[in-house]
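Some notes on the structure that comes next.
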Amino acid sequence: MTGKAVIFEAMPTGDAQRIWDGGPDAYGNPPERAVSDGSGLPCRHCLQMIADGKPYLIIAYRPFASITPYAETGPVFLHADPCQRAESSGDLPQSLDSPSYLVRGYSDDQRIVYGTGSVVARVDVSRYAGALFANPAVAFVDVRSASNNCFQCRILADEQMDIIPGQAARTGIKPGAQISVPYRHKAQST
C-alpha cells in the first residue's frame with residue numbers, strides 16, 4: 001500500500017488557550033485537574049507525555065467545527081500550564097507510543113468516510129494514513145486511541161497545509177484566514 005506523505009497536527013493553540021484561560025470544555029464543563037503519575041498521559045497540544053508530578057487538565061474535546069452525528073467528543077489531556085504547540089511534522093509524534101491506533105478518514109464536511117477506519121500498528125500509522133489520501137473523499141485523517149477512542153492528533157496530506165481551493169467559498173472562510181478545525185494550515189488558531 002503506497003500513499004502520500006503526511007503531516008501530523010496537534011490540537012490548535014486557540015483550542016488549548018481557551019481552556020488555559022478558564023473556558024469550558026466541549027460539554028460546557030470546567031477542566032478537571034490532576035497530577036501525572038508518569039504513566040503515559042499525552043498532551044494533545046505539545047504531543048509530549050506529561051511528566052511525573054506535573055499538573056494536567058482533563059477535558060472533553062471535539063476536534064470538529066460543527067456538531068454533527070460524526071463529531072466525536074471524548075476525553076483528552078493538556079498540560080495545566082501553557083505549553084508550546086507541537087510543530088506540524090511528518091514525524092510520528094512522541095506521544096503516540098501505544099502499540100496500535102484507530103486511524104480513520106473524514107470528508108471535507110467532517111463526516112467519516114466509511115471503509116477507512118482500521119486499527120493500525122503504531123509503526124504503520126503514517127503509511128496507512130498516507131494510503132487513505134488516495135481516496136479523493138478523504139480530506140483529513142484522525143488518529144484515536146485503539147482502546148479508548150480518545151482523539152490523539154490529526155493528519156493531513158502534505159499538500160493540504162493551506163485552505164483547499166474552493167473550500168473558502170463553500171465554508172465562508174477567507175483565504176489566509178486562521179482556522180482551527182479542520183486543521184488546514186500551519187498557523188495557529190486565534
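Starting from 1 in every chain, residues are counted up; chains themselves are A, B, ... following the order of the C-alpha cells, and ligands are numbered from 1 as listed.
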Surrounding residues of Gly38 (chain A) excluding itself and chain neighbours under 2 positions, 7 Å, only C-alpha atoms, as a ChimeraX atom specification = /A:36,40,50-52
For the residues in that selection, give me N, CA and C atoms as a CSV table (one decimal), in the first residue's frame.
```csv
chain,number,residue,atom,x,y,z
A,36,SER,N,0.1,14.2,37.2
A,36,SER,CA,0.5,13.0,36.5
A,36,SER,C,1.3,12.1,37.4
A,40,GLY,N,2.0,7.7,31.1
A,40,GLY,CA,1.6,7.8,29.7
A,40,GLY,C,0.4,8.6,29.4
A,50,ILE,N,3.0,13.9,29.5
A,50,ILE,CA,3.0,14.8,30.7
A,50,ILE,C,3.9,14.1,31.8
A,51,ALA,N,4.9,14.8,32.2
A,51,ALA,CA,5.9,14.2,33.2
A,51,ALA,C,5.3,13.9,34.5
A,52,ASP,N,5.9,12.9,35.2
A,52,ASP,CA,5.5,12.5,36.5
A,52,ASP,C,5.6,13.8,37.5
```
Using only C-alpha atoms, find each residue in region 30-93 of chain A having at least one atom no more than 9 Å away from region 99-120 of chain A; report its shortest atom-to-atom pair and that distance in Å (one decimal), rows by chain then rising number, as CSV.
```
residue,atom,partner,partner_atom,distance
A:Phe64,CA,A:Gln110,CA,6.9
A:Ala65,CA,A:Gln110,CA,8.2
A:Ser66,CA,A:Gln110,CA,8.4
A:Thr68,CA,A:Arg111,CA,8.1
A:Pro69,CA,A:Arg111,CA,8.3
A:Tyr70,CA,A:Arg111,CA,5.5
A:Ala71,CA,A:Gln110,CA,7.4
```
How would you write, as a PDB file with N, CA and C atoms, in the first residue's frame, the set of residues in region 10-99 of chain A that DSSP gives as strand (DSSP E or B)?
```pdb
ATOM      1  N   GLU A  32     -11.083  19.221  34.516  1.00  0.00           N
ATOM      2  CA  GLU A  32     -10.695  18.538  35.741  1.00  0.00           C
ATOM      3  C   GLU A  32      -9.184  18.665  35.872  1.00  0.00           C
ATOM      4  N   ARG A  33      -8.719  18.850  37.090  1.00  0.00           N
ATOM      5  CA  ARG A  33      -7.281  18.978  37.349  1.00  0.00           C
ATOM      6  C   ARG A  33      -6.779  17.706  38.017  1.00  0.00           C
ATOM      7  N   ALA A  34      -5.578  17.305  37.649  1.00  0.00           N
ATOM      8  CA  ALA A  34      -4.954  16.118  38.230  1.00  0.00           C
ATOM      9  C   ALA A  34      -3.441  16.298  38.172  1.00  0.00           C
ATOM     10  N   VAL A  35      -2.729  15.386  38.813  1.00  0.00           N
ATOM     11  CA  VAL A  35      -1.268  15.382  38.797  1.00  0.00           C
ATOM     12  C   VAL A  35      -0.823  14.071  38.173  1.00  0.00           C
ATOM     13  N   PRO A  42      -0.649  11.649  27.263  1.00  0.00           N
ATOM     14  CA  PRO A  42      -0.192  12.517  26.176  1.00  0.00           C
ATOM     15  C   PRO A  42      -0.923  13.854  26.128  1.00  0.00           C
ATOM     16  N   CYS A  43      -0.179  14.944  26.148  1.00  0.00           N
ATOM     17  CA  CYS A  43      -0.756  16.278  25.959  1.00  0.00           C
ATOM     18  C   CYS A  43      -1.064  16.440  24.479  1.00  0.00           C
ATOM     19  N   MET A  49       4.530  13.538  26.347  1.00  0.00           N
ATOM     20  CA  MET A  49       3.948  12.945  27.544  1.00  0.00           C
ATOM     21  C   MET A  49       4.039  13.936  28.706  1.00  0.00           C
ATOM     22  N   PRO A  55       1.162  18.904  36.871  1.00  0.00           N
ATOM     23  CA  PRO A  55      -0.291  19.026  36.821  1.00  0.00           C
ATOM     24  C   PRO A  55      -0.785  18.994  35.373  1.00  0.00           C
ATOM     25  N   TYR A  56      -1.977  18.455  35.193  1.00  0.00           N
ATOM     26  CA  TYR A  56      -2.580  18.413  33.861  1.00  0.00           C
ATOM     27  C   TYR A  56      -4.082  18.581  33.969  1.00  0.00           C
ATOM     28  N   LEU A  57      -4.695  18.825  32.818  1.00  0.00           N
ATOM     29  CA  LEU A  57      -6.140  19.022  32.726  1.00  0.00           C
ATOM     30  C   LEU A  57      -6.750  17.893  31.917  1.00  0.00           C
ATOM     31  N   ILE A  58      -7.953  17.502  32.310  1.00  0.00           N
ATOM     32  CA  ILE A  58      -8.732  16.518  31.561  1.00  0.00           C
ATOM     33  C   ILE A  58      -9.957  17.260  31.048  1.00  0.00           C
ATOM     34  N   ILE A  59     -10.150  17.236  29.725  1.00  0.00           N
ATOM     35  CA  ILE A  59     -11.279  17.954  29.134  1.00  0.00           C
ATOM     36  C   ILE A  59     -12.001  17.062  28.116  1.00  0.00           C
ATOM     37  N   ALA A  60     -13.251  17.398  27.872  1.00  0.00           N
ATOM     38  CA  ALA A  60     -13.973  16.821  26.745  1.00  0.00           C
ATOM     39  C   ALA A  60     -13.598  17.653  25.530  1.00  0.00           C
ATOM     40  N   TYR A  61     -13.128  16.999  24.475  1.00  0.00           N
ATOM     41  CA  TYR A  61     -12.653  17.717  23.288  1.00  0.00           C
ATOM     42  C   TYR A  61     -13.347  17.189  22.044  1.00  0.00           C
ATOM     43  N   GLY A  74     -14.547  13.390  23.140  1.00  0.00           N
ATOM     44  CA  GLY A  74     -14.008  12.465  24.121  1.00  0.00           C
ATOM     45  C   GLY A  74     -12.998  13.136  25.019  1.00  0.00           C
ATOM     46  N   PRO A  75     -12.540  12.419  26.027  1.00  0.00           N
ATOM     47  CA  PRO A  75     -11.578  12.996  26.967  1.00  0.00           C
ATOM     48  C   PRO A  75     -10.179  13.082  26.362  1.00  0.00           C
ATOM     49  N   VAL A  76      -9.505  14.198  26.644  1.00  0.00           N
ATOM     50  CA  VAL A  76      -8.099  14.366  26.274  1.00  0.00           C
ATOM     51  C   VAL A  76      -7.381  15.069  27.421  1.00  0.00           C
ATOM     52  N   PHE A  77      -6.053  15.008  27.389  1.00  0.00           N
ATOM     53  CA  PHE A  77      -5.223  15.618  28.415  1.00  0.00           C
ATOM     54  C   PHE A  77      -4.468  16.809  27.839  1.00  0.00           C
ATOM     55  N   LEU A  78      -4.277  17.823  28.695  1.00  0.00           N
ATOM     56  CA  LEU A  78      -3.465  19.003  28.371  1.00  0.00           C
ATOM     57  C   LEU A  78      -2.582  19.303  29.570  1.00  0.00           C
ATOM     58  N   HIS A  79      -1.373  19.782  29.315  1.00  0.00           N
ATOM     59  CA  HIS A  79      -0.595  20.318  30.430  1.00  0.00           C
ATOM     60  C   HIS A  79      -1.441  21.399  31.106  1.00  0.00           C
ATOM     61  N   SER A  89       4.531  18.229  11.476  1.00  0.00           N
ATOM     62  CA  SER A  89       5.685  17.433  11.088  1.00  0.00           C
ATOM     63  C   SER A  89       5.242  16.127  10.455  1.00  0.00           C
TER      64      SER A  89
END
```
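Distances from A:Phe151, A:Ser145, A:Tyr27, A:Gly53 to Asp97 (chain A) were compared using only C-alpha atoms, and the smallest one belongs to A:Ser145.
Closest approach to Ile19 (chain A) among A:Lys54, A:His45, A:Arg154, A:Arg122 is made by A:His45 (distances from only C-alpha atoms).
CA of Gln17 (chain A) sits 10.5 Å away from CA of Arg85 (chain A).
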Do a neighbour search on Gly3 (chain A) at 7 Å with only C-alpha atoms, toss out local chain neighbours closer than 2 positions, and write the hits as a short mmCIF file (atom, residue, chain, number, x, y, z; two decimals) with N, CA and C atoms, in the first residue's frame.
```
data_model
loop_
_atom_site.label_atom_id
_atom_site.label_comp_id
_atom_site.auth_asym_id
_atom_site.auth_seq_id
_atom_site.Cartn_x
_atom_site.Cartn_y
_atom_site.Cartn_z
N MET A 1 0.85 -1.17 0.00
CA MET A 1 0.00 0.00 0.00
C MET A 1 0.89 1.23 0.00
N ALA A 5 2.83 11.51 1.42
CA ALA A 5 3.49 11.90 2.67
C ALA A 5 2.45 12.59 3.55
N ARG A 127 2.05 5.30 7.09
CA ARG A 127 1.83 4.62 5.82
C ARG A 127 0.34 4.44 5.54
N GLY A 130 -1.33 7.81 4.84
CA GLY A 130 -0.96 8.27 3.50
C GLY A 130 -1.73 7.55 2.42
N ALA A 131 -1.97 6.26 2.61
CA ALA A 131 -2.73 5.49 1.63
C ALA A 131 -4.19 5.93 1.59
N PHE A 133 -5.31 8.86 1.71
CA PHE A 133 -5.44 10.07 0.89
C PHE A 133 -5.54 9.77 -0.60
N ALA A 134 -5.33 8.52 -1.00
CA ALA A 134 -5.58 8.14 -2.40
C ALA A 134 -7.07 8.20 -2.71
#
```
